[in-house]
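Heads up, upload-v5.txt below (compact mmCIF, C-alpha atoms and all ligand atoms):
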```txt
# COMPACT_ATOMS: atom_id res chain seq x y z
CA MET N 19 -16.38 -17.53 -3.61
CA PHE N 20 -14.65 -16.76 -6.91
CA LEU N 21 -15.01 -17.80 -10.50
CA GLY N 22 -11.35 -18.29 -11.35
CA TYR N 23 -8.41 -16.33 -12.67
CA ALA N 24 -7.68 -14.29 -15.78
CA CYS N 25 -4.23 -13.63 -17.20
CA ARG N 26 -3.99 -10.27 -18.92
CA SER N 27 -0.65 -11.15 -20.53
CA CYS N 28 -1.83 -14.18 -22.55
CA GLY N 29 -5.61 -14.02 -22.14
CA ALA N 30 -5.86 -17.39 -20.33
CA GLU N 31 -8.99 -17.99 -18.23
CA LEU N 32 -8.40 -20.47 -15.41
CA ARG N 33 -10.61 -22.28 -12.90
CA PRO N 34 -9.84 -21.76 -9.20
CA ASP N 35 -8.03 -25.13 -9.04
CA GLN N 36 -5.86 -24.41 -12.09
CA ALA N 37 -3.51 -21.85 -10.53
CA THR N 38 -2.12 -20.69 -7.21
CA TYR N 39 0.32 -17.90 -8.02
CA ARG N 40 1.22 -16.80 -11.55
CA CYS N 41 -0.18 -17.88 -14.91
CA PRO N 42 0.98 -21.46 -15.58
CA GLY N 43 1.24 -20.64 -19.31
CA CYS N 44 3.15 -17.35 -19.41
CA ALA N 45 4.05 -16.51 -15.76
CA GLY N 46 2.00 -13.30 -15.99
CA ASN N 47 0.26 -11.90 -12.89
CA LEU N 48 -3.23 -13.32 -12.48
CA ASP N 49 -6.40 -11.34 -11.77
CA VAL N 50 -8.84 -13.08 -9.44
CA ARG N 51 -12.40 -13.03 -10.81
CA PRO N 52 -14.70 -12.72 -7.80
CA ASP N 53 -18.28 -13.93 -8.00
CA PHE N 54 -20.26 -10.74 -7.32
CA GLY N 55 -23.57 -12.61 -7.18
CA LYS N 56 -26.21 -10.17 -5.97
CA ALA N 57 -23.79 -7.59 -4.59
CA SER N 58 -25.52 -4.24 -4.13
CA ARG N 59 -24.37 -0.77 -3.21
CA GLU N 60 -27.35 -0.32 -0.90
CA ALA N 61 -26.56 -3.48 1.09
CA ILE N 62 -22.97 -2.32 1.53
CA SER N 63 -24.04 1.18 2.56
CA GLN N 64 -26.34 -0.31 5.20
CA SER N 65 -23.63 -2.53 6.69
CA ARG N 66 -22.67 -1.67 10.26
CA ASP N 67 -19.28 -3.27 9.83
CA PRO N 68 -16.66 -0.50 9.57
CA SER N 69 -13.90 -2.88 8.43
CA LEU N 70 -13.04 -3.98 4.90
CA TRP N 71 -15.25 -7.01 5.50
CA ARG N 72 -18.25 -4.76 4.77
CA TYR N 73 -17.24 -5.42 1.13
CA ALA N 74 -17.44 -9.22 1.58
CA SER N 75 -19.83 -9.46 -1.38
CA LEU N 76 -17.01 -8.11 -3.59
CA LEU N 77 -14.27 -10.34 -2.15
CA PRO N 78 -13.17 -13.87 -3.09
CA VAL N 79 -12.62 -15.08 0.50
CA PRO N 80 -14.91 -15.72 3.47
CA VAL N 81 -15.31 -13.21 6.32
CA PRO N 82 -13.23 -14.23 9.38
CA ASP N 83 -14.94 -15.29 12.61
CA ASP N 84 -16.12 -12.49 14.86
CA ASP N 85 -13.42 -13.17 17.42
CA SER N 86 -10.42 -13.08 15.14
CA GLY N 87 -8.75 -9.93 16.50
CA PRO N 88 -6.97 -7.49 14.18
CA LEU N 89 -7.84 -9.68 11.18
CA ARG N 90 -11.46 -8.66 11.74
CA ALA N 91 -10.56 -4.98 12.23
CA VAL N 92 -8.63 -4.19 9.04
CA GLY N 93 -9.88 -1.27 6.94
CA GLY N 94 -12.20 1.61 7.69
CA THR N 95 -9.43 4.21 7.64
CA PRO N 96 -10.38 7.89 7.52
CA LEU N 97 -10.42 9.97 4.35
CA VAL N 98 -8.98 13.12 5.86
CA ALA N 99 -9.85 16.48 4.30
CA ALA N 100 -6.71 18.57 3.85
CA PRO N 101 -7.90 22.13 3.08
CA ARG N 102 -4.65 23.88 4.08
CA LEU N 103 -2.56 21.57 1.90
CA ALA N 104 -5.12 21.97 -0.88
CA ARG N 105 -4.59 25.74 -0.85
CA ARG N 106 -0.82 25.24 -0.86
CA VAL N 107 -0.93 23.11 -4.01
CA GLY N 108 -3.71 25.16 -5.67
CA LEU N 109 -6.46 22.55 -5.45
CA GLY N 110 -10.08 22.94 -4.45
CA ARG N 111 -10.44 19.56 -2.78
CA LEU N 112 -7.70 17.32 -1.46
CA TRP N 113 -8.11 14.21 0.66
CA LEU N 114 -5.57 12.02 2.42
CA LYS N 115 -6.54 8.37 2.85
CA ASP N 116 -4.69 7.72 6.09
CA GLU N 117 -3.65 4.09 6.03
CA GLY N 118 -1.31 4.72 8.93
CA ARG N 119 -4.43 4.17 11.06
CA MET N 120 -4.54 0.43 10.27
CA PRO N 121 -4.01 -2.20 13.01
CA THR N 122 -0.30 -2.47 12.10
CA ALA N 123 -0.05 1.06 10.65
CA SER N 124 0.15 0.38 6.91
CA LEU N 125 -2.08 -0.39 3.94
CA LYS N 126 -0.47 -3.86 3.79
CA ASP N 127 -2.92 -5.09 6.42
CA ARG N 128 -5.54 -5.22 3.67
CA ALA N 129 -3.52 -7.63 1.53
CA SER N 130 -2.35 -9.80 4.39
CA ALA N 131 -5.89 -10.12 5.79
CA VAL N 132 -7.31 -11.37 2.50
CA VAL N 133 -4.36 -13.70 1.83
CA VAL N 134 -4.72 -15.18 5.33
CA GLN N 135 -8.39 -15.90 4.64
CA ARG N 136 -7.38 -17.59 1.39
CA ALA N 137 -4.77 -19.68 3.22
CA ARG N 138 -7.42 -20.64 5.76
CA ALA N 139 -9.75 -21.77 2.97
CA LEU N 140 -6.90 -23.86 1.52
CA GLY N 141 -5.94 -25.24 4.96
CA LYS N 142 -2.37 -23.94 4.58
CA SER N 143 0.20 -23.16 7.30
CA PRO N 144 2.86 -21.76 7.53
CA ILE N 145 2.68 -18.75 5.21
CA ILE N 146 5.98 -17.28 4.09
CA THR N 147 6.47 -13.82 2.65
CA ALA N 148 9.20 -11.51 1.49
CA SER N 149 8.73 -7.96 2.63
CA THR N 150 10.43 -4.60 2.87
CA GLY N 151 8.83 -4.64 6.34
CA ASN N 152 5.18 -3.62 6.24
CA ALA N 153 3.74 -6.61 4.41
CA GLY N 154 5.60 -8.90 6.80
CA VAL N 155 4.39 -7.01 9.86
CA ALA N 156 0.84 -7.21 8.53
CA LEU N 157 1.14 -10.95 7.99
CA ALA N 158 2.72 -11.37 11.43
CA ALA N 159 -0.38 -9.74 12.93
CA MET N 160 -3.06 -11.35 10.77
CA ALA N 161 -1.88 -14.96 10.37
CA PRO N 162 -1.95 -15.94 14.09
CA CYS N 163 -5.58 -14.70 14.25
CA ALA N 164 -6.38 -17.59 11.92
CA GLY N 165 -4.10 -20.09 13.68
CA ILE N 166 -1.54 -19.84 10.88
CA GLU N 167 2.19 -19.48 11.41
CA PRO N 168 3.86 -16.54 9.63
CA VAL N 169 7.46 -16.72 8.37
CA ILE N 170 8.88 -13.36 7.29
CA VAL N 171 11.93 -12.74 5.09
CA VAL N 172 13.13 -9.10 5.20
CA PRO N 173 16.28 -7.21 4.25
CA GLU N 174 18.41 -6.69 7.36
CA SER N 175 18.37 -2.96 6.58
CA ALA N 176 14.62 -2.66 7.37
CA PRO N 177 13.85 0.24 9.77
CA PRO N 178 14.04 -0.80 13.47
CA ALA N 179 10.35 -0.08 14.16
CA LYS N 180 9.28 -2.62 11.54
CA LEU N 181 11.69 -5.21 12.95
CA ALA N 182 10.36 -4.43 16.44
CA GLN N 183 6.76 -5.00 15.29
CA LEU N 184 7.78 -8.34 13.77
CA ALA N 185 9.50 -9.41 16.98
CA VAL N 186 6.64 -8.25 19.22
CA PHE N 187 4.07 -10.12 17.12
CA GLY N 188 6.19 -13.25 17.59
CA ALA N 189 6.78 -14.08 13.92
CA ARG N 190 9.60 -16.30 12.75
CA VAL N 191 11.82 -13.73 11.03
CA VAL N 192 14.77 -14.21 8.73
CA LEU N 193 16.97 -11.18 8.01
CA VAL N 194 18.58 -11.32 4.59
CA ARG N 195 21.93 -9.78 3.81
CA GLY N 196 20.66 -8.35 0.57
CA SER N 197 17.84 -6.39 -1.01
CA TYR N 198 14.05 -6.84 -1.01
CA ASP N 199 14.42 -8.39 -4.46
CA ASP N 200 16.80 -11.00 -2.96
CA ALA N 201 14.31 -11.68 -0.16
CA PHE N 202 11.53 -12.08 -2.74
CA ALA N 203 13.40 -14.65 -4.81
CA LEU N 204 14.47 -16.51 -1.66
CA SER N 205 11.01 -16.80 -0.17
CA GLU N 206 9.56 -17.88 -3.50
CA ALA N 207 12.16 -20.65 -3.70
CA ALA N 208 11.64 -21.61 -0.04
CA ALA N 209 7.86 -21.89 -0.49
CA ARG N 210 8.40 -24.18 -3.48
CA GLU N 211 10.96 -26.31 -1.63
CA LEU N 212 8.99 -26.60 1.62
CA GLY N 213 5.46 -26.69 0.21
CA TRP N 214 4.48 -23.61 2.22
CA TYR N 215 1.92 -21.05 1.11
CA CYS N 216 3.56 -17.88 -0.20
CA ARG N 217 2.11 -14.39 0.27
CA ASN N 218 4.69 -12.60 -1.87
CA THR N 219 3.25 -9.33 -3.15
CA ALA N 220 1.61 -9.67 -6.59
CA GLN N 221 2.95 -13.21 -7.02
CA ASN N 222 0.00 -14.25 -4.86
CA PRO N 223 -3.09 -12.91 -6.71
CA PHE N 224 -4.99 -12.42 -3.46
CA THR N 225 -2.76 -9.51 -2.35
CA THR N 226 -4.45 -7.39 -5.05
CA GLU N 227 -7.87 -8.47 -3.73
CA GLY N 228 -7.04 -6.97 -0.33
CA LYS N 229 -5.55 -3.79 -1.71
CA LYS N 230 -8.53 -3.08 -3.97
CA THR N 231 -10.66 -2.47 -0.85
CA VAL N 232 -8.97 0.90 -0.35
CA SER N 233 -10.72 2.06 -3.54
CA PHE N 234 -14.04 0.70 -2.32
CA GLU N 235 -13.63 2.80 0.83
CA VAL N 236 -12.58 5.96 -1.00
CA ALA N 237 -15.54 5.68 -3.38
CA GLU N 238 -18.02 5.02 -0.58
CA GLN N 239 -16.56 7.78 1.61
CA LEU N 240 -17.04 10.24 -1.28
CA GLY N 241 -20.69 9.18 -1.60
CA TRP N 242 -20.09 6.51 -4.26
CA ARG N 243 -17.98 8.69 -6.54
CA ALA N 244 -14.47 8.50 -7.89
CA PRO N 245 -12.17 11.49 -7.36
CA ASP N 246 -10.47 12.97 -10.43
CA ARG N 247 -7.04 11.64 -9.50
CA VAL N 248 -5.50 9.23 -7.02
CA PHE N 249 -1.77 9.45 -6.14
CA VAL N 250 -0.17 6.14 -5.17
CA SER N 251 3.44 5.43 -4.21
CA VAL N 252 4.84 2.50 -6.15
CA GLY N 253 7.40 -0.20 -5.36
CA ASP N 254 6.28 -3.52 -6.83
CA GLY N 255 3.25 -1.74 -8.28
CA ASN N 256 0.71 -3.98 -6.56
CA ILE N 257 -1.02 -1.27 -4.51
CA LEU N 258 -1.58 0.70 -7.70
CA VAL N 259 -2.89 -2.40 -9.47
CA GLY N 260 -5.22 -3.08 -6.54
CA VAL N 261 -6.46 0.52 -6.53
CA HIS N 262 -7.17 0.23 -10.25
CA LYS N 263 -8.97 -3.10 -9.89
CA GLY N 264 -11.13 -1.74 -7.09
CA PHE N 265 -12.34 1.28 -9.04
CA ARG N 266 -12.70 -0.80 -12.22
CA GLU N 267 -14.94 -3.32 -10.45
CA LEU N 268 -17.12 -0.54 -9.04
CA VAL N 269 -17.53 0.91 -12.54
CA GLU N 270 -18.41 -2.52 -13.95
CA LEU N 271 -20.96 -3.05 -11.19
CA GLY N 272 -22.48 0.38 -11.87
CA PHE N 273 -21.64 1.55 -8.30
CA ILE N 274 -19.66 4.56 -9.65
CA ASP N 275 -19.79 6.11 -13.08
CA ARG N 276 -16.13 6.66 -14.03
CA MET N 277 -12.51 5.81 -13.27
CA PRO N 278 -10.11 8.25 -11.60
CA LYS N 279 -6.78 8.99 -13.26
CA LEU N 280 -4.09 7.06 -11.40
CA VAL N 281 -0.71 8.67 -10.76
CA GLY N 282 2.09 6.35 -9.67
CA VAL N 283 4.99 7.88 -7.74
CA GLN N 284 8.41 6.23 -7.55
CA ALA N 285 11.58 7.20 -5.72
CA GLN N 286 14.47 8.29 -7.93
CA GLY N 287 16.62 5.46 -6.58
CA SER N 288 13.99 2.83 -7.44
CA SER N 289 12.03 3.91 -10.48
CA PRO N 290 12.07 1.20 -13.16
CA ILE N 291 8.31 1.38 -13.84
CA ALA N 292 8.25 5.18 -14.02
CA ARG N 293 11.24 5.16 -16.38
CA ALA N 294 9.50 2.73 -18.72
CA PHE N 295 6.40 4.95 -18.65
CA LEU N 296 8.36 8.12 -19.36
CA ALA N 297 10.21 6.38 -22.22
CA GLY N 298 6.90 5.20 -23.68
CA SER N 299 8.17 1.63 -23.40
CA ASP N 300 6.73 -1.65 -22.11
CA ARG N 301 10.18 -2.87 -21.06
CA ILE N 302 10.79 -2.53 -17.35
CA GLU N 303 14.56 -2.72 -16.80
CA PRO N 304 15.43 -4.09 -13.34
CA CYS N 305 17.81 -1.89 -11.32
CA THR N 306 19.63 -1.84 -8.01
CA THR N 307 17.87 0.37 -5.46
CA ASP N 308 19.06 3.33 -3.44
CA THR N 309 16.39 5.32 -1.58
CA LEU N 310 15.51 6.11 2.03
CA ALA N 311 11.90 5.20 1.17
CA ASP N 312 12.56 1.55 2.03
CA SER N 313 8.99 0.39 1.40
CA ILE N 314 9.16 1.34 -2.28
CA ALA N 315 12.68 0.03 -2.91
CA ALA N 316 11.85 -2.69 -5.45
CA GLY N 317 14.36 -2.99 -8.28
CA ASN N 318 12.62 -5.87 -10.03
CA PRO N 319 8.94 -4.96 -9.57
CA ALA N 320 6.63 -7.94 -9.19
CA ASP N 321 3.64 -6.12 -10.71
CA GLY N 322 5.26 -3.66 -13.10
CA ALA N 323 3.45 -4.60 -16.31
CA ARG N 324 -0.02 -4.34 -14.79
CA ALA N 325 0.89 -1.08 -13.02
CA LEU N 326 2.05 0.46 -16.30
CA ALA N 327 -1.12 -0.70 -18.05
CA ALA N 328 -3.35 0.63 -15.25
CA VAL N 329 -1.82 4.09 -15.34
CA ARG N 330 -1.98 4.27 -19.14
CA GLU N 331 -5.57 3.04 -19.26
CA THR N 332 -6.78 5.76 -16.90
CA GLY N 333 -4.87 8.55 -18.66
CA GLY N 334 -2.72 9.02 -15.56
CA ALA N 335 1.06 9.32 -15.25
CA PHE N 336 4.16 8.29 -13.35
CA VAL N 337 6.23 10.81 -11.43
CA ILE N 338 9.73 10.39 -10.01
CA VAL N 339 10.66 12.09 -6.71
CA SER N 340 14.03 12.47 -4.96
CA ASP N 341 14.75 11.50 -1.36
CA GLU N 342 15.01 15.23 -0.52
CA GLU N 343 11.53 15.81 -1.93
CA ILE N 344 10.23 12.86 0.08
CA LEU N 345 11.72 14.23 3.31
CA ALA N 346 10.25 17.66 2.58
CA ALA N 347 6.86 16.04 1.97
CA ILE N 348 6.94 14.35 5.40
CA ALA N 349 7.24 17.78 7.03
CA THR N 350 4.69 19.42 4.71
CA LEU N 351 2.12 16.68 5.40
CA GLY N 352 2.74 16.84 9.13
CA GLN N 353 2.53 20.63 9.38
CA GLY N 354 -0.19 21.11 6.78
CA SER N 355 -2.53 18.29 7.76
CA GLN N 356 -1.20 16.69 10.98
CA VAL N 357 -0.89 13.36 9.16
CA PHE N 358 2.34 11.49 9.96
CA ALA N 359 3.65 9.56 6.95
CA GLU N 360 6.57 7.18 6.52
CA PRO N 361 8.88 8.05 3.60
CA ALA N 362 7.21 5.72 1.07
CA ALA N 363 3.82 7.20 1.96
CA ALA N 364 5.02 10.80 1.79
CA ALA N 365 6.42 10.05 -1.67
CA ALA N 366 2.86 10.07 -3.05
CA PHE N 367 2.37 13.61 -1.78
CA ALA N 368 5.80 14.66 -3.06
CA GLY N 369 4.61 13.44 -6.46
CA LEU N 370 1.45 15.54 -6.21
CA GLU N 371 3.54 18.64 -5.48
CA LYS N 372 5.41 18.09 -8.77
CA CYS N 373 2.28 17.79 -10.92
CA GLU N 374 0.34 20.45 -12.78
CA LEU N 375 -3.27 20.08 -11.67
CA GLY N 376 -6.41 21.98 -12.52
CA PRO N 377 -7.78 24.00 -9.57
CA GLY N 378 -11.16 22.30 -9.95
CA GLU N 379 -9.73 18.80 -9.58
CA GLU N 380 -10.58 16.61 -6.63
CA VAL N 381 -7.54 14.59 -5.58
CA VAL N 382 -6.95 11.71 -3.17
CA VAL N 383 -3.44 10.86 -1.94
CA LEU N 384 -2.95 7.44 -0.37
CA ILE N 385 -0.87 7.76 2.78
CA THR N 386 0.16 4.13 2.79
CA GLY N 387 2.06 3.89 6.08
CA SER N 388 2.55 5.73 9.37
CA GLY N 389 5.54 7.92 10.18
CA LEU N 390 6.02 5.89 13.36
CA LYS N 391 7.34 3.12 11.10
CA ASP N 392 10.55 5.08 10.50
CA VAL N 393 11.28 7.67 13.16
CA ARG N 394 14.87 8.15 11.98
CA ALA N 395 13.63 9.42 8.62
CA ALA N 396 11.03 11.59 10.34
CA MET N 397 13.73 13.29 12.43
CA ARG N 398 15.72 13.97 9.26
CA ALA N 399 12.64 15.59 7.74
CA VAL N 400 12.37 18.33 10.37
CA ARG N 401 15.34 20.58 10.84
CA SER N 402 14.36 22.46 13.98
CA ARG N 403 14.94 20.74 17.29
CA PRO N 404 13.25 21.88 20.51
CA ARG N 405 15.77 23.12 23.06
CA SER N 406 16.12 21.71 26.57
CA ILE N 407 15.71 24.12 29.47
CA ASP N 408 15.73 24.04 33.25
CA PRO N 409 12.18 23.74 34.60
CA THR N 410 11.84 27.43 35.54
CA LEU N 411 9.54 30.15 34.22
CA GLU N 412 12.51 32.40 33.40
CA ALA N 413 14.11 29.72 31.29
CA LEU N 414 10.78 29.05 29.56
CA ARG N 415 10.30 32.77 28.85
CA ALA N 416 13.81 33.04 27.43
CA ALA N 417 13.34 29.95 25.28
CA LEU N 418 10.01 31.14 23.90
CA ALA N 419 11.47 34.58 23.12
CA GLN N 420 14.06 33.01 20.84
CA LYS N 421 13.13 31.79 17.40
CA GLU N 422 12.88 28.02 17.43
CA GLY N 423 15.99 26.31 16.17
CA THR N 424 18.30 29.33 16.70
CA PRO N 425 21.16 28.66 19.09
C1 LIG N 501 4.04 2.24 3.06
C2 LIG N 501 4.10 1.63 1.70
N1 LIG N 501 3.86 2.40 0.64
C3 LIG N 501 3.92 1.91 -0.61
C4 LIG N 501 4.29 0.60 -0.85
C5 LIG N 501 4.38 0.12 -2.27
O1 LIG N 501 3.50 -0.89 -2.60
P1 LIG N 501 3.78 -1.81 -3.86
O2 LIG N 501 5.08 -2.53 -3.59
O3 LIG N 501 2.63 -2.72 -3.95
O4 LIG N 501 3.91 -0.89 -5.04
C6 LIG N 501 4.56 -0.24 0.23
C7 LIG N 501 4.99 -1.64 0.03
O5 LIG N 501 5.62 -2.23 0.89
C8 LIG N 501 4.46 0.28 1.54
O6 LIG N 501 4.70 -0.47 2.62
ZN ZN N 502 -0.74 -16.01 -19.10
```
Go ahead and render the structure in this file as structure tokens.
Amino acid sequence: MFLGYACRSCGAELRPDQATYRCPGCAGNLDVRPDFGKASREAISQSRDPSLWRYASLLPVPVPDDDSGPLRAVGGTPLVAAPRLARRVGLGRLWLKDEGRMPTASLKDRASAVVVQRARALGKSPIITASTGNAGVALAAMAPCAGIEPVIVVPESAPPAKLAQLAVFGARVVLVRGSYDDAFALSEAAARELGWYCRNTAQNPFTTEGKKTVSFEVAEQLGWRAPDRVFVSVGDGNILVGVHKGFRELVELGFIDRMPKLVGVQAQGSSPIARAFLAGSDRIEPCTTDTLADSIAAGNPADGARALAAVRETGGAFVIVSDEEILAAIATLGQGSQVFAEPAAAAAFAGLEKCELGPGEEVVVLITGSGLKDVRAAMRAVRSRPRSIDPTLEALRAALAQKEGTP
């Protein structure tokens, strides 16, 4: 299924049985080296499977059984044309990859699906993960499809909708009085202590393997082409690293002819990778986090070094956005494209609005999670409130005659 692992930090090449999480030599993040065998673009294009499993020939895990529920249905999200938003930002072509349309409403389903298939191959259960919310929800949905028990460690401040999804999916959930970074360290220690399999983002190399499939879809949806730029919101940096790996593999296979420039977007209150980039440094200084974009609040990013390298290699950039800009982007996306984004997802678009782009550029923005994940933030993003009236035509006429939002 895969050839082994490669460590970009120290150059180590490892067999599949020589590592599980990080590089045993230097603790760097490991790249999985899939065995592409006879993978062909034509065979993929002819597949009738709309899910990410159409890319099985590019993945290091087996395809789940046909009857395995949402695990079998991950992927295949629409690449939504956004012509009105494109005009607003002075672009010819703008696309939104709407990952809010996943089974659990975030891009994290991709990572959790692939990690669950890896756990299945290893015969492991339970799987524990730290999460700001979405990764845990995705694992809570995917693991039971494979008969695996999920254990989720989240900050107690996670938005109620994410906690509700966890509860409804029946996962064992532990709320931590602390940050995502605390939850990460705790679940890593717990996995070691209990001998459980750990899904932690980027620590487990298979999370990247799931996330790279979003690039496969974008390239195929564009007719096997890369766009000029892809905007990605960044917490740990693992989505960005996955996006990079996906496009890189397609270039190496000759399926597309060039890489897009990758632009990572961080929230002002959680921007250690962006700060290192803007300072021209390789040193990512951990910080405490303070942003309403809970999904990208990662003060000690688990994939910072690779994210920095990926952006630099493609000639891209990092952009920092404020919470106010994120809230404004939720409303702009909703009103300009009818796509409903959670704060972390809208951050990527807020980053686009702050960039100078050529009018001829073709841009893709990853909308990584649905606005239904955090309705409180959505309500803060829109100032006007509809008024309540008595159910009479006169009252309706009077209400419609007034400008919305005026008293
Ligand atoms: C909606 C959403 N956007 C972006 C991210 C950031 O991904 P990463 O931590 O891999 O950078 C996450 C991670 O939880 C997320 O849930
Ligand atoms: Zn190493």
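For the choices N:Val393, N:Val236, N:Ile314, N:Val107, the atom-to-atom distance to Val252 in chain N is smallest for N:Ile314 when using only C-alpha atoms.
All residues, whether protein, DNA or RNA, that have an atom at most 6 Å from ligand LIG 501 (chain N) (counting all atoms listed in the file) are N:Ser124, N:Thr150, N:Asn152, N:Ala153, N:Ser251, N:Val252, N:Gly253, N:Asp254, N:Gly255, N:Asn256, N:Ile257, N:Ser313, N:Ile314, N:Ala362, N:Ala363, N:Thr386, N:Gly387.
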Set the cut-off to 9 Å, count only C-alpha atoms and all ligand atoms, and list whatever residues fall near ligand ZN 502 (chain N) as a JSON list (two decimals) with C-alpha atoms, in the frame of the given file.
```json
[["chain", "number", "residue", "atom", "x", "y", "z"],
["N", 24, "ALA", "CA", -7.68, -14.29, -15.78],
["N", 25, "CYS", "CA", -4.23, -13.63, -17.20],
["N", 26, "ARG", "CA", -3.99, -10.27, -18.92],
["N", 27, "SER", "CA", -0.65, -11.15, -20.53],
["N", 28, "CYS", "CA", -1.83, -14.18, -22.55],
["N", 29, "GLY", "CA", -5.61, -14.02, -22.14],
["N", 30, "ALA", "CA", -5.86, -17.39, -20.33],
["N", 31, "GLU", "CA", -8.99, -17.99, -18.23],
["N", 40, "ARG", "CA", 1.22, -16.80, -11.55],
["N", 41, "CYS", "CA", -0.18, -17.88, -14.91],
["N", 42, "PRO", "CA", 0.98, -21.46, -15.58],
["N", 43, "GLY", "CA", 1.24, -20.64, -19.31],
["N", 44, "CYS", "CA", 3.15, -17.35, -19.41],
["N", 45, "ALA", "CA", 4.05, -16.51, -15.76],
["N", 46, "GLY", "CA", 2.00, -13.30, -15.99],
["N", 47, "ASN", "CA", 0.26, -11.90, -12.89],
["N", 48, "LEU", "CA", -3.23, -13.32, -12.48]]
```
With distances taken over all atoms listed in the file, which residue among N:Ala164, N:Ala366, N:Ile170, N:Met120 lies nearest Pro82 in chain N?
N:Ala164
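In terms of minimum interatomic distance to Glu380 in chain N, N:Ala100 ranks closest within N:Ala395, N:Ala100, N:Arg138, N:Asp200, counting only C-alpha atoms.
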Nearest to Ala292 in chain N by atom-to-atom distance, counting all atoms listed in the file, from N:Arg66, N:Leu351, N:Asp275, N:Pro319:
N:Pro319
Please write out, as AutoDock Vina command-line options, where the centre of an axis-aligned box around all listed atoms of range 76-94 of chain N lies and how long its edges are, in Å to one decimal, after adding 5 Å on each side.
```
--center_x -12.0 --center_y -7.1 --center_z 6.9 --size_x 20.0 --size_y 27.3 --size_z 31.0
```
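Coordinates place CA of Val134 in chain N at a distance of 11.3 Å from CA of Asn222 in chain N.
The interatomic distance for the pair CA of Glu206 in chain N and CA of Leu258 in chain N works out to 22.1 Å.
Residues with any atom within 10 Å of Ala137 in chain N, counting all atoms listed in the file and excluding same-chain neighbours fewer than 2 positions away, are N:Val79, N:Ala131, N:Val132, N:Val133, N:Val134, N:Gln135, N:Ala139, N:Leu140, N:Gly141, N:Lys142, N:Ser143, N:Pro144, N:Ile145, N:Ala161, N:Ala164, N:Ile166, N:Tyr215, N:Cys216, N:Arg217, N:Phe224.
Taking CA of Lys391 in chain N and CA of Pro177 in chain N as endpoints, the distance between them is 7.2 Å.
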Contacts of Leu418 in chain N at 12 Å or less, counting all atoms listed in the file, minus same-chain residues fewer than 6 places along, as a compact mmCIF listing (two decimals) with C-alpha atoms, keeping the file's coordinate frame?
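Generated file (selection06.txt):
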```txt
# COMPACT_ATOMS: atom_id res chain seq x y z
CA PRO N 404 13.25 21.88 20.51
CA ARG N 405 15.77 23.12 23.06
CA SER N 406 16.12 21.71 26.57
CA ILE N 407 15.71 24.12 29.47
CA LEU N 411 9.54 30.15 34.22
CA GLU N 412 12.51 32.40 33.40
CA THR N 424 18.30 29.33 16.70
```
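With distances taken over all atoms listed in the file, N:Tyr198 is the one residue among N:Tyr198, N:Val329, N:Gly334, N:Ala416 lying closest to Asp308 in chain N.
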I need every residue sitting at most 12 Å from the point (15.3, -6.8, 5.7) (coordinates as in the file, all atoms listed in the file considered), written as number ranges by chain.
N: 147-155, 170-181, 184, 191-202, 312-313, 315
Shell of 8 Å around Ala368 in chain N, only C-alpha atoms, local chain residues under 4 positions omitted, as a VMD selection string:
chain N and resid 339 343 to 344 346 to 347 364 372
Glu379 in chain N environment, 9 Å, only C-alpha atoms, sequence neighbours closer than 4 positions dropped, as a count of residues only:
8
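Each of N:Ala297, N:Val259, N:Leu114, N:Ile62 was checked against Val381 in chain N using only C-alpha atoms; the smallest atom-to-atom distance is that of N:Leu114.
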Ser355 in chain N environment, 9 Å, all atoms listed in the file, sequence neighbours closer than 3 positions dropped, as a count of residues only:
11
Fix up range 362-370 of chain N with N, CA and C atoms, then write it as a PDB file, in the coordinates of the input.
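Okay, this is what ended up in part11.pdb:
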```pdb
ATOM      1  N   ALA N 362       7.884   6.251   2.268  1.00  0.00           N
ATOM      2  CA  ALA N 362       7.210   5.720   1.070  1.00  0.00           C
ATOM      3  C   ALA N 362       5.825   6.328   0.918  1.00  0.00           C
ATOM      4  N   ALA N 363       5.172   6.619   2.014  1.00  0.00           N
ATOM      5  CA  ALA N 363       3.820   7.200   1.960  1.00  0.00           C
ATOM      6  C   ALA N 363       3.887   8.671   1.572  1.00  0.00           C
ATOM      7  N   ALA N 364       4.868   9.382   2.126  1.00  0.00           N
ATOM      8  CA  ALA N 364       5.020  10.800   1.790  1.00  0.00           C
ATOM      9  C   ALA N 364       5.401  10.984   0.331  1.00  0.00           C
ATOM     10  N   ALA N 365       6.021   9.960  -0.257  1.00  0.00           N
ATOM     11  CA  ALA N 365       6.420  10.050  -1.670  1.00  0.00           C
ATOM     12  C   ALA N 365       5.216  10.377  -2.553  1.00  0.00           C
ATOM     13  N   ALA N 366       4.059   9.815  -2.228  1.00  0.00           N
ATOM     14  CA  ALA N 366       2.860  10.070  -3.050  1.00  0.00           C
ATOM     15  C   ALA N 366       2.519  11.555  -3.028  1.00  0.00           C
ATOM     16  N   PHE N 367       2.656  12.176  -1.856  1.00  0.00           N
ATOM     17  CA  PHE N 367       2.370  13.610  -1.780  1.00  0.00           C
ATOM     18  C   PHE N 367       3.458  14.429  -2.477  1.00  0.00           C
ATOM     19  N   ALA N 368       4.706  13.977  -2.348  1.00  0.00           N
ATOM     20  CA  ALA N 368       5.800  14.660  -3.060  1.00  0.00           C
ATOM     21  C   ALA N 368       5.518  14.642  -4.563  1.00  0.00           C
ATOM     22  N   GLY N 369       4.963  13.546  -5.043  1.00  0.00           N
ATOM     23  CA  GLY N 369       4.610  13.440  -6.460  1.00  0.00           C
ATOM     24  C   GLY N 369       3.517  14.429  -6.829  1.00  0.00           C
ATOM     25  N   LEU N 370       2.538  14.574  -5.957  1.00  0.00           N
ATOM     26  CA  LEU N 370       1.450  15.540  -6.210  1.00  0.00           C
ATOM     27  C   LEU N 370       2.022  16.954  -6.341  1.00  0.00           C
TER      28      LEU N 370
END
```
